[in-house]
file query-v9.pdb (PDB, C-alpha atoms and all ligand atoms)
MODEL        1
ATOM      1  CA  MET D 235      20.793 -23.341  -1.632
ATOM      2  CA  GLN D 236      18.473 -20.970  -3.467
ATOM      3  CA  THR D 237      17.025 -21.476  -6.953
ATOM      4  CA  ILE D 238      16.198 -18.374  -8.985
ATOM      5  CA  ARG D 239      14.438 -18.557 -12.336
ATOM      6  CA  SER D 240      13.409 -14.930 -12.735
ATOM      7  CA  ILE D 241      15.710 -12.542 -14.607
ATOM      8  CA  THR D 242      14.301  -9.628 -12.625
ATOM      9  CA  LYS D 243      14.760 -11.248  -9.211
ATOM     10  CA  MET D 244      18.364 -12.303  -9.871
ATOM     11  CA  PRO D 245      19.880  -8.781 -10.130
ATOM     12  CA  LYS D 246      17.920  -7.710  -7.035
ATOM     13  CA  VAL D 247      19.411 -10.579  -5.040
ATOM     14  CA  SER D 248      22.907  -9.745  -6.334
ATOM     15  CA  ARG D 249      22.492  -6.077  -5.405
ATOM     16  CA  GLN D 250      21.348  -7.034  -1.902
ATOM     17  CA  LEU D 251      24.357  -9.311  -1.483
ATOM     18  CA  ALA D 252      26.708  -6.551  -2.657
ATOM     19  CA  ALA D 253      25.050  -4.095  -0.251
ATOM     20  CA  ARG D 254      25.836  -6.540   2.561
ATOM     21  CA  GLY D 255      29.484  -6.539   1.481
ATOM     22  CA  LYS D 256      29.377 -10.038  -0.053
ATOM     23  CA  THR D 257      31.417 -10.851  -3.148
ATOM     24  CA  ILE D 258      29.870 -12.982  -5.878
ATOM     25  CA  ALA D 259      31.395 -15.570  -8.210
ATOM     26  CA  LEU D 260      29.557 -16.807 -11.293
ATOM     27  CA  VAL D 261      30.031 -20.217 -12.919
ATOM     28  CA  PRO D 262      28.084 -20.296 -16.202
ATOM     29  CA  THR D 263      27.117 -23.785 -17.414
ATOM     30  CA  MET D 264      24.742 -25.537 -19.772
ATOM     31  CA  GLY D 265      23.860 -28.112 -17.123
ATOM     32  CA  TYR D 266      24.237 -31.908 -17.124
ATOM     33  CA  LEU D 267      27.026 -31.271 -14.695
ATOM     34  CA  HIS D 268      30.043 -33.490 -14.061
ATOM     35  CA  GLU D 269      33.187 -33.320 -11.928
ATOM     36  CA  GLY D 270      34.680 -30.698 -14.280
ATOM     37  CA  HIS D 271      31.861 -28.311 -13.422
ATOM     38  CA  ALA D 272      32.119 -29.239  -9.722
ATOM     39  CA  ALA D 273      35.805 -28.249  -9.792
ATOM     40  CA  LEU D 274      34.846 -24.818 -11.194
ATOM     41  CA  ILE D 275      32.286 -24.362  -8.397
ATOM     42  CA  LYS D 276      34.901 -25.310  -5.765
ATOM     43  CA  ARG D 277      37.368 -22.902  -7.360
ATOM     44  CA  ALA D 278      34.706 -20.159  -7.360
ATOM     45  CA  LYS D 279      34.008 -20.789  -3.678
ATOM     46  CA  LYS D 280      37.648 -19.984  -2.919
ATOM     47  CA  SER D 281      37.455 -16.575  -4.559
ATOM     48  CA  ALA D 282      34.099 -15.177  -3.425
ATOM     49  CA  ASP D 283      31.556 -15.315  -0.581
ATOM     50  CA  VAL D 284      28.616 -16.433  -2.706
ATOM     51  CA  VAL D 285      28.709 -18.745  -5.736
ATOM     52  CA  ILE D 286      26.039 -18.477  -8.414
ATOM     53  CA  VAL D 287      25.869 -21.360 -10.892
ATOM     54  CA  SER D 288      23.830 -20.619 -13.984
ATOM     55  CA  ILE D 289      22.244 -23.386 -16.027
ATOM     56  CA  PHE D 290      21.176 -22.355 -19.490
ATOM     57  CA  VAL D 291      21.352 -24.412 -22.674
ATOM     58  CA  ASN D 292      22.005 -21.476 -24.937
ATOM     59  CA  PRO D 293      20.257 -21.916 -28.316
ATOM     60  CA  LYS D 294      22.309 -19.130 -29.916
ATOM     61  CA  GLN D 295      25.615 -20.996 -29.601
ATOM     62  CA  PHE D 296      24.427 -24.107 -31.449
ATOM     63  CA  GLY D 297      24.619 -24.292 -35.239
ATOM     64  CA  PRO D 298      21.531 -25.379 -37.241
ATOM     65  CA  LYS D 299      22.882 -28.948 -37.541
ATOM     66  CA  GLU D 300      24.114 -29.192 -33.945
ATOM     67  CA  ASP D 301      22.649 -30.955 -30.929
ATOM     68  CA  TYR D 302      20.639 -28.169 -29.209
ATOM     69  CA  LYS D 303      17.408 -30.196 -29.038
ATOM     70  CA  LYS D 304      19.061 -33.397 -27.831
ATOM     71  CA  TYR D 305      21.624 -31.742 -25.525
ATOM     72  CA  PRO D 306      21.320 -33.707 -22.258
ATOM     73  CA  ARG D 307      19.399 -32.107 -19.404
ATOM     74  CA  ASP D 308      18.882 -33.273 -15.787
ATOM     75  CA  GLU D 309      17.988 -30.428 -13.481
ATOM     76  CA  LYS D 310      17.450 -32.569 -10.393
ATOM     77  CA  LYS D 311      20.874 -34.224 -10.535
ATOM     78  CA  ASP D 312      22.472 -30.864 -11.354
ATOM     79  CA  MET D 313      20.981 -29.303  -8.218
ATOM     80  CA  ALA D 314      22.399 -32.080  -6.040
ATOM     81  CA  ARG D 315      25.835 -31.725  -7.615
ATOM     82  CA  ILE D 316      25.879 -27.946  -7.229
ATOM     83  CA  LYS D 317      24.860 -28.227  -3.581
ATOM     84  CA  LYS D 318      27.566 -30.814  -2.926
ATOM     85  CA  ALA D 319      30.223 -28.692  -4.624
ATOM     86  CA  GLY D 320      29.308 -25.655  -2.506
ATOM     87  CA  GLY D 321      27.134 -23.556  -4.841
ATOM     88  CA  ASP D 322      24.826 -21.082  -3.088
ATOM     89  CA  ILE D 323      22.453 -19.940  -5.830
ATOM     90  CA  VAL D 324      21.339 -21.779  -8.965
ATOM     91  CA  PHE D 325      20.158 -19.401 -11.660
ATOM     92  CA  ILE D 326      18.013 -21.091 -14.316
ATOM     93  CA  PRO D 327      16.623 -18.484 -16.704
ATOM     94  CA  LYS D 328      14.072 -19.255 -19.426
ATOM     95  CA  ALA D 329      15.118 -18.951 -23.076
ATOM     96  CA  ILE D 330      12.220 -16.559 -23.747
ATOM     97  CA  ASP D 331      13.510 -14.219 -21.002
ATOM     98  CA  ILE D 332      17.104 -14.269 -22.245
ATOM     99  CA  TYR D 333      16.018 -13.912 -25.886
ATOM    100  CA  PRO D 334      12.664 -12.123 -25.902
ATOM    101  CA  ASP D 335      10.748 -11.708 -29.154
ATOM    102  CA  ASN D 336      12.490  -9.363 -31.584
ATOM    103  CA  PHE D 337      15.877  -9.905 -29.882
ATOM    104  CA  GLN D 338      18.545  -8.374 -32.139
ATOM    105  CA  THR D 339      21.540  -7.240 -30.089
ATOM    106  CA  TYR D 340      24.695  -9.367 -30.122
ATOM    107  CA  VAL D 341      28.152  -9.118 -28.616
ATOM    108  CA  THR D 342      30.954 -10.204 -30.960
ATOM    109  CA  VAL D 343      34.669 -10.514 -30.267
ATOM    110  CA  GLU D 344      35.807  -9.902 -33.817
ATOM    111  CA  LYS D 345      39.154 -11.624 -34.378
ATOM    112  CA  LEU D 346      39.498 -14.309 -31.717
ATOM    113  CA  SER D 347      36.070 -15.734 -32.625
ATOM    114  CA  LYS D 348      37.012 -16.409 -36.246
ATOM    115  CA  THR D 349      39.855 -18.891 -35.828
ATOM    116  CA  LEU D 350      39.981 -22.574 -34.658
ATOM    117  CA  GLU D 351      36.451 -23.478 -33.444
ATOM    118  CA  GLY D 352      35.103 -20.386 -35.185
ATOM    119  CA  LYS D 353      35.997 -21.812 -38.607
ATOM    120  CA  SER D 354      33.785 -24.877 -38.133
ATOM    121  CA  ARG D 355      31.182 -23.135 -35.983
ATOM    122  CA  PRO D 356      30.733 -19.660 -37.485
ATOM    123  CA  GLN D 357      28.068 -18.249 -35.102
ATOM    124  CA  HIS D 358      29.147 -20.185 -32.036
ATOM    125  CA  PHE D 359      31.202 -17.574 -30.188
ATOM    126  CA  ARG D 360      28.761 -14.783 -30.997
ATOM    127  CA  GLY D 361      26.160 -16.858 -29.125
ATOM    128  CA  VAL D 362      28.555 -17.518 -26.239
ATOM    129  CA  THR D 363      29.664 -13.895 -25.801
ATOM    130  CA  THR D 364      26.110 -12.606 -26.086
ATOM    131  CA  VAL D 365      24.740 -14.950 -23.432
ATOM    132  CA  VAL D 366      27.669 -14.487 -21.054
ATOM    133  CA  ALA D 367      27.399 -10.688 -21.350
ATOM    134  CA  LYS D 368      23.722 -11.039 -20.436
ATOM    135  CA  LEU D 369      24.564 -13.368 -17.536
ATOM    136  CA  PHE D 370      27.173 -10.870 -16.298
ATOM    137  CA  ASN D 371      24.572  -8.071 -16.461
ATOM    138  CA  ILE D 372      21.948 -10.109 -14.642
ATOM    139  CA  THR D 373      24.103 -11.740 -11.936
ATOM    140  CA  ARG D 374      26.657  -8.907 -11.424
ATOM    141  CA  PRO D 375      29.578 -11.083 -10.338
ATOM    142  CA  ASP D 376      32.955  -9.960  -8.973
ATOM    143  CA  VAL D 377      34.576 -13.158 -10.281
ATOM    144  CA  ALA D 378      33.728 -15.456 -13.195
ATOM    145  CA  VAL D 379      35.143 -18.967 -13.515
ATOM    146  CA  PHE D 380      35.548 -20.837 -16.806
ATOM    147  CA  GLY D 381      37.212 -24.138 -17.743
ATOM    148  CA  ALA D 382      40.435 -24.540 -19.728
ATOM    149  CA  LYS D 383      38.704 -27.445 -21.501
ATOM    150  CA  ASP D 384      37.050 -24.831 -23.754
ATOM    151  CA  PHE D 385      40.154 -22.690 -23.859
ATOM    152  CA  GLN D 386      39.258 -20.610 -26.923
ATOM    153  CA  GLN D 387      35.911 -19.817 -25.314
ATOM    154  CA  ALA D 388      37.781 -18.657 -22.205
ATOM    155  CA  ILE D 389      40.177 -16.495 -24.266
ATOM    156  CA  VAL D 390      37.292 -14.968 -26.247
ATOM    157  CA  LEU D 391      35.329 -14.230 -23.046
ATOM    158  CA  LYS D 392      38.404 -12.788 -21.327
ATOM    159  CA  GLN D 393      38.783 -10.392 -24.253
ATOM    160  CA  MET D 394      35.095  -9.464 -24.054
ATOM    161  CA  THR D 395      35.368  -8.839 -20.302
ATOM    162  CA  LYS D 396      38.322  -6.505 -20.902
ATOM    163  CA  ASP D 397      36.887  -4.754 -23.974
ATOM    164  CA  LEU D 398      33.499  -4.068 -22.393
ATOM    165  CA  GLY D 399      35.081  -2.991 -19.110
ATOM    166  CA  TYR D 400      33.311  -5.453 -16.826
ATOM    167  CA  PRO D 401      34.833  -5.134 -13.335
ATOM    168  CA  ILE D 402      35.091  -8.918 -13.097
ATOM    169  CA  LYS D 403      38.099 -11.051 -12.162
ATOM    170  CA  PHE D 404      38.457 -13.704 -14.822
ATOM    171  CA  VAL D 405      39.555 -17.193 -13.699
ATOM    172  CA  ILE D 406      40.430 -20.098 -16.006
ATOM    173  CA  ALA D 407      40.459 -23.418 -14.109
ATOM    174  CA  PRO D 408      42.287 -26.576 -15.307
ATOM    175  CA  THR D 409      40.594 -29.322 -17.337
ATOM    176  CA  VAL D 410      39.284 -32.236 -15.276
ATOM    177  CA  ARG D 411      39.808 -35.622 -16.920
ATOM    178  CA  GLU D 412      38.534 -39.165 -16.501
ATOM    179  CA  LYS D 413      41.084 -41.711 -15.194
ATOM    180  CA  ASP D 414      42.041 -42.653 -18.755
ATOM    181  CA  GLY D 415      42.650 -39.035 -19.758
ATOM    182  CA  LEU D 416      39.405 -38.269 -21.615
ATOM    183  CA  ALA D 417      38.382 -34.688 -20.815
ATOM    184  CA  MET D 418      35.066 -34.747 -18.958
ATOM    185  CA  SER D 419      32.230 -33.474 -21.113
ATOM    186  CA  SER D 420      28.433 -33.612 -21.013
ATOM    187  CA  ARG D 421      28.633 -34.988 -24.564
ATOM    188  CA  ASN D 422      30.624 -38.115 -23.501
ATOM    189  CA  ARG D 423      27.300 -39.702 -22.608
ATOM    190  CA  TYR D 424      26.514 -40.057 -26.320
ATOM    191  CA  PHE D 425      29.187 -42.807 -26.621
ATOM    192  CA  THR D 426      28.976 -46.581 -26.192
ATOM    193  CA  ALA D 427      31.775 -48.175 -24.116
ATOM    194  CA  GLU D 428      33.844 -48.971 -27.224
ATOM    195  CA  GLN D 429      33.369 -45.488 -28.695
ATOM    196  CA  ARG D 430      34.168 -44.002 -25.304
ATOM    197  CA  HIS D 431      37.555 -45.727 -25.395
ATOM    198  CA  GLN D 432      38.233 -44.417 -28.900
ATOM    199  CA  ALA D 433      37.454 -40.912 -27.653
ATOM    200  CA  CYS D 434      40.730 -41.057 -25.714
ATOM    201  CA  CYS D 435      42.516 -40.518 -29.053
ATOM    202  CA  LEU D 436      42.583 -36.755 -28.418
ATOM    203  CA  TYR D 437      44.317 -37.148 -25.071
ATOM    204  CA  TYR D 438      46.752 -39.746 -26.427
ATOM    205  CA  ALA D 439      47.667 -37.429 -29.305
ATOM    206  CA  LEU D 440      48.204 -34.478 -26.964
ATOM    207  CA  GLY D 441      50.285 -36.674 -24.627
ATOM    208  CA  THR D 442      52.441 -37.811 -27.544
ATOM    209  CA  ALA D 443      53.041 -34.215 -28.600
ATOM    210  CA  ARG D 444      53.941 -33.268 -25.035
ATOM    211  CA  GLU D 445      56.516 -36.090 -24.829
ATOM    212  CA  MET D 446      57.973 -35.102 -28.202
ATOM    213  CA  VAL D 447      58.310 -31.476 -27.131
ATOM    214  CA  LYS D 448      59.951 -32.610 -23.883
ATOM    215  CA  SER D 449      62.475 -34.632 -25.886
ATOM    216  CA  GLY D 450      63.344 -31.542 -27.956
ATOM    217  CA  ILE D 451      61.159 -32.001 -31.071
ATOM    218  CA  LYS D 452      59.457 -28.632 -31.475
ATOM    219  CA  ASP D 453      58.709 -28.487 -35.180
ATOM    220  CA  VAL D 454      54.919 -28.194 -35.455
ATOM    221  CA  ARG D 455      54.681 -30.105 -38.734
ATOM    222  CA  ALA D 456      56.429 -33.122 -37.189
ATOM    223  CA  LEU D 457      54.275 -32.889 -34.058
ATOM    224  CA  LYS D 458      51.034 -32.706 -36.027
ATOM    225  CA  SER D 459      51.991 -35.618 -38.247
ATOM    226  CA  GLU D 460      52.659 -37.856 -35.221
ATOM    227  CA  MET D 461      49.423 -36.724 -33.564
ATOM    228  CA  ARG D 462      47.447 -37.640 -36.677
ATOM    229  CA  ALA D 463      49.046 -41.097 -36.641
ATOM    230  CA  VAL D 464      48.135 -41.636 -32.972
ATOM    231  CA  ILE D 465      44.521 -40.607 -33.626
ATOM    232  CA  LYS D 466      44.197 -42.955 -36.591
ATOM    233  CA  ALA D 467      45.723 -45.835 -34.603
ATOM    234  CA  THR D 468      43.368 -45.353 -31.625
ATOM    235  CA  SER D 469      40.271 -44.486 -33.571
ATOM    236  CA  PRO D 470      40.395 -45.326 -37.297
ATOM    237  CA  LYS D 471      36.976 -43.764 -37.903
ATOM    238  CA  ALA D 472      37.829 -40.426 -36.305
ATOM    239  CA  LYS D 473      37.680 -37.385 -38.563
ATOM    240  CA  ILE D 474      40.149 -34.705 -37.579
ATOM    241  CA  ASP D 475      38.656 -31.236 -37.890
ATOM    242  CA  TYR D 476      41.869 -29.443 -36.916
ATOM    243  CA  ILE D 477      45.063 -29.747 -34.922
ATOM    244  CA  ALA D 478      46.513 -26.332 -34.121
ATOM    245  CA  PHE D 479      49.540 -24.983 -32.311
ATOM    246  CA  THR D 480      48.964 -21.365 -31.391
ATOM    247  CA  GLU D 481      50.095 -18.707 -28.946
ATOM    248  CA  PHE D 482      47.930 -19.002 -25.848
ATOM    249  CA  ASP D 483      46.542 -15.462 -25.656
ATOM    250  CA  SER D 484      46.533 -14.288 -29.269
ATOM    251  CA  LEU D 485      45.636 -17.672 -30.855
ATOM    252  CA  LYS D 486      48.193 -16.891 -33.590
ATOM    253  CA  PRO D 487      49.625 -20.037 -35.226
ATOM    254  CA  VAL D 488      53.251 -20.921 -34.440
ATOM    255  CA  SER D 489      55.696 -23.120 -36.369
ATOM    256  CA  LYS D 490      57.766 -24.088 -33.299
ATOM    257  CA  ALA D 491      56.262 -25.187 -29.983
ATOM    258  CA  SER D 492      57.382 -23.242 -26.896
ATOM    259  CA  LYS D 493      56.205 -22.550 -23.332
ATOM    260  CA  SER D 494      53.606 -20.022 -24.508
ATOM    261  CA  THR D 495      52.161 -22.478 -27.057
ATOM    262  CA  ILE D 496      48.873 -24.298 -26.668
ATOM    263  CA  CYS D 497      47.958 -27.267 -28.808
ATOM    264  CA  SER D 498      44.243 -27.643 -29.447
ATOM    265  CA  LEU D 499      42.326 -30.061 -31.583
ATOM    266  CA  ALA D 500      38.819 -31.003 -32.644
ATOM    267  CA  VAL D 501      37.871 -34.485 -33.744
ATOM    268  CA  ARG D 502      34.567 -35.833 -34.954
ATOM    269  CA  LEU D 503      33.858 -39.314 -33.699
ATOM    270  CA  HIS D 504      30.622 -41.237 -34.302
ATOM    271  CA  ASN D 505      28.809 -37.935 -34.948
ATOM    272  CA  VAL D 506      30.090 -36.322 -31.757
ATOM    273  CA  ARG D 507      32.491 -33.405 -32.058
ATOM    274  CA  LEU D 508      35.135 -33.513 -29.319
ATOM    275  CA  ILE D 509      37.658 -30.818 -28.414
ATOM    276  CA  ASP D 510      40.675 -30.879 -26.142
ATOM    277  CA  ASN D 511      43.887 -28.961 -25.595
ATOM    278  CA  MET D 512      47.152 -28.966 -23.692
ATOM    279  CA  ARG D 513      49.914 -26.525 -22.842
ATOM    280  CA  PHE D 514      53.467 -27.837 -22.900
TER
HETATM  281  P1  LIG R   1      29.354 -26.335 -20.460
HETATM  282  O1  LIG R   1      28.307 -26.741 -19.473
HETATM  283  O2  LIG R   1      29.881 -27.450 -21.284
HETATM  284  O3  LIG R   1      28.977 -25.119 -21.246
HETATM  285  O4  LIG R   1      30.609 -25.875 -19.577
HETATM  286  C1  LIG R   1      30.474 -24.919 -18.560
HETATM  287  C2  LIG R   1      31.846 -24.577 -18.043
HETATM  288  O5  LIG R   1      32.468 -25.769 -17.559
HETATM  289  C3  LIG R   1      32.785 -24.006 -19.119
HETATM  290  O6  LIG R   1      33.570 -22.971 -18.552
HETATM  291  C4  LIG R   1      33.626 -25.199 -19.488
HETATM  292  O7  LIG R   1      34.895 -24.851 -19.969
HETATM  293  C5  LIG R   1      33.740 -25.901 -18.144
HETATM  294  N1  LIG R   1      34.091 -27.319 -18.310
HETATM  295  C6  LIG R   1      33.468 -28.224 -19.088
HETATM  296  N2  LIG R   1      34.105 -29.419 -19.021
HETATM  297  C7  LIG R   1      35.160 -29.231 -18.196
HETATM  298  C8  LIG R   1      36.202 -30.083 -17.726
HETATM  299  N3  LIG R   1      36.311 -31.352 -18.109
HETATM  300  N4  LIG R   1      37.123 -29.556 -16.884
HETATM  301  C9  LIG R   1      37.034 -28.254 -16.483
HETATM  302  N5  LIG R   1      36.076 -27.399 -16.877
HETATM  303  C10 LIG R   1      35.149 -27.889 -17.723
ENDMDL
END
call {"tool": "encode", "arguments": {"input": "query-v9.pdb", "output": "structure tokens", "more": "lines below"}}
Ligand code: AMP
result
Amino acid sequence: MQTIRSITKMPKVSRQLAARGKTIALVPTMGYLHEGHAALIKRAKKSADVVIVSIFVNPKQFGPKEDYKKYPRDEKKDMARIKKAGGDIVFIPKAIDIYPDNFQTYVTVEKLSKTLEGKSRPQHFRGVTTVVAKLFNITRPDVAVFGAKDFQQAIVLKQMTKDLGYPIKFVIAPTVREKDGLAMSSRNRYFTAEQRHQACCLYYALGTAREMVKSGIKDVRALKSEMRAVIKATSPKAKIDYIAFTEFDSLKPVSKASKSTICSLAVRLHNVRLIDNMRF
């Protein structure tokens, strides 16, 4: 496995690989990798000859009050996990190279960035699309793999890929969960054991909605009301940011759940903001 830190070496290596007829898949991450990331790497390995995993804690996607400085980092463990999952190249650029002095060019997906997460985190997607566009330019992948866990991010990036005409196959891989249903996340490490259990409230609420839809209850108001009750019962201190039922691709709100609906929610728990989603 090769580690590349230089933003000038990386495109050279990609060009050489392409010249040798090798296809490249990119898995962008912010590091502190878990089994969810490993699943993306394994999925990437199936769709290309060479898998590049980028590790970059992107300052531009964190709000001023968010956890950029304390976001967990462990490069050594990450390397071992990437190697085990089948990654070939780890790309670890420096913030000063990605955002040199006087940086002022951003990529914005206008509409899809404004709803759901965008309401609570106004500059978040602008930071995500800008860094991923730069990563695409530097690593030149044929395939890019993202997780359904951050489904709005995936939808926003898919739109950017199409709008900017990147010749990149866009893959969205399923959410990997802990045994008790909690979606794996680098931020789960902030919790104590008791808080960690309460964090399952998102999954329980989504599961309840799924069962209700299965039994024929499709009215979104009824579904949301039951989900709120489940969250309160599991985690009385949880603050619900939003529960939304939207069309999967357009993110437009719906009043009746159907096969093309995705339910997503954000909950603040002990100062950690958790997101999760489910399709029915
Ligand atoms: P992050 O390091 O949190 O920026 O995530 C990097 C990529 O991993 C994104 O495409 C995420 O959607 C994906 N990811 C994070 N957690 C999970 C998970 N539990 N299951 C699947 N993919 C995930």
call {"tool": "atom_distance", "arguments": {"input": "query-v9.pdb", "atom1": "atom CA of D:Gly441", "atom2": "atom CA of D:Ile275"}}
result
27.2 Å
call {"tool": "atom_distance", "arguments": {"input": "query-v9.pdb", "atom1": "atom CA of D:Arg374", "atom2": "atom CA of D:Val405"}}
result
15.5 Å
call {"tool": "residues_near_ligand", "arguments": {"input": "query-v9.pdb", "ligand": "ligand LIG 1 (chain R)", "cutoff": "6 Å", "atoms": "only C-alpha atoms and all ligand atoms", "output": "PDB file with C-alpha atoms, in the coordinates of the input"}}
result
ATOM      1  CA  PRO D 262      28.084 -20.296 -16.202  1.00  0.00           C
ATOM      2  CA  THR D 263      27.117 -23.785 -17.414  1.00  0.00           C
ATOM      3  CA  MET D 264      24.742 -25.537 -19.772  1.00  0.00           C
ATOM      4  CA  GLY D 265      23.860 -28.112 -17.123  1.00  0.00           C
ATOM      5  CA  GLY D 270      34.680 -30.698 -14.280  1.00  0.00           C
ATOM      6  CA  HIS D 271      31.861 -28.311 -13.422  1.00  0.00           C
ATOM      7  CA  PHE D 380      35.548 -20.837 -16.806  1.00  0.00           C
ATOM      8  CA  GLY D 381      37.212 -24.138 -17.743  1.00  0.00           C
ATOM      9  CA  ALA D 382      40.435 -24.540 -19.728  1.00  0.00           C
ATOM     10  CA  LYS D 383      38.704 -27.445 -21.501  1.00  0.00           C
ATOM     11  CA  ASP D 384      37.050 -24.831 -23.754  1.00  0.00           C
ATOM     12  CA  PRO D 408      42.287 -26.576 -15.307  1.00  0.00           C
ATOM     13  CA  THR D 409      40.594 -29.322 -17.337  1.00  0.00           C
ATOM     14  CA  VAL D 410      39.284 -32.236 -15.276  1.00  0.00           C
ATOM     15  CA  ARG D 411      39.808 -35.622 -16.920  1.00  0.00           C
ATOM     16  CA  ALA D 417      38.382 -34.688 -20.815  1.00  0.00           C
ATOM     17  CA  MET D 418      35.066 -34.747 -18.958  1.00  0.00           C
ATOM     18  CA  SER D 419      32.230 -33.474 -21.113  1.00  0.00           C
TER      19      SER D 419
END
call {"tool": "residues_near_point", "arguments": {"input": "query-v9.pdb", "point": "(39.9, -39.6, -26.0)", "cutoff": "12 Å", "atoms": "all atoms listed in the file", "output": "MDAnalysis selection string"}}
result
chainID D and resid 411:419 422 425 427:441 464:466 468:469 472 499:503 506:511
call {"tool": "closest_residue", "arguments": {"input": "query-v9.pdb", "among": "D:Thr363, D:Lys256, D:Val377, D:Gln236", "to": "D:Asp397", "atoms": "all atoms listed in the file"}}
result
D:Thr363
call {"tool": "atom_distance", "arguments": {"input": "query-v9.pdb", "atom1": "atom CA of D:Phe479", "atom2": "atom CA of D:Arg513"}}
result
9.6 Å
call {"tool": "resolve_selection", "arguments": {"input": "query-v9.pdb", "expression": "the PyMOL selection byres (((chain D and resi 320) around 8) and not hetatm)", "output": "list in words"}}
result
Ile275, Lys276, Lys279, Val285, Ile316, Lys317, Lys318, Ala319, Gly321 and Asp322 of chain D
call {"tool": "closest_residue", "arguments": {"input": "query-v9.pdb", "among": "D:Ser492, D:Thr342, D:Asn292, D:Thr395", "to": "D:Asn371", "atoms": "only C-alpha atoms"}}
result
D:Thr395
call {"tool": "closest_residue", "arguments": {"input": "query-v9.pdb", "among": "D:Arg254, D:Lys246, D:Lys348, D:Lys304", "to": "D:Leu485", "atoms": "all atoms listed in the file"}}
result
D:Lys348
call {"tool": "residues_around", "arguments": {"input": "query-v9.pdb", "residues": "D:Gly255", "least_positions_apart": "6", "cutoff": "12 Å", "atoms": "all atoms listed in the file", "output": "list in words"}}
result
Ser248, Arg249, Ala282, Asp283, Val284 and Asp376 of chain D
call {"tool": "closest_residue", "arguments": {"input": "query-v9.pdb", "among": "D:Thr480, D:Gln295, D:Thr442, D:Thr242", "to": "D:Ser494", "atoms": "only C-alpha atoms"}}
result
D:Thr480
call {"tool": "residues_near_point", "arguments": {"input": "query-v9.pdb", "point": "(24.6, -24.9, -38.9)", "cutoff": "10 Å", "atoms": "all atoms listed in the file", "output": "list in words"}}
result
Phe296, Gly297, Pro298, Lys299, Glu300, Ser354, Arg355, Pro356, Gln357 and His358 of chain D
call {"tool": "closest_residue", "arguments": {"input": "query-v9.pdb", "among": "D:Lys311, D:Arg239, D:Lys493, D:His504", "to": "D:Arg421", "atoms": "all atoms listed in the file"}}
result
D:His504
call {"tool": "closest_residue", "arguments": {"input": "query-v9.pdb", "among": "D:Thr426, D:Ser420, D:Ser240, D:Thr373", "to": "D:Leu267", "atoms": "all atoms listed in the file"}}
result
D:Ser420
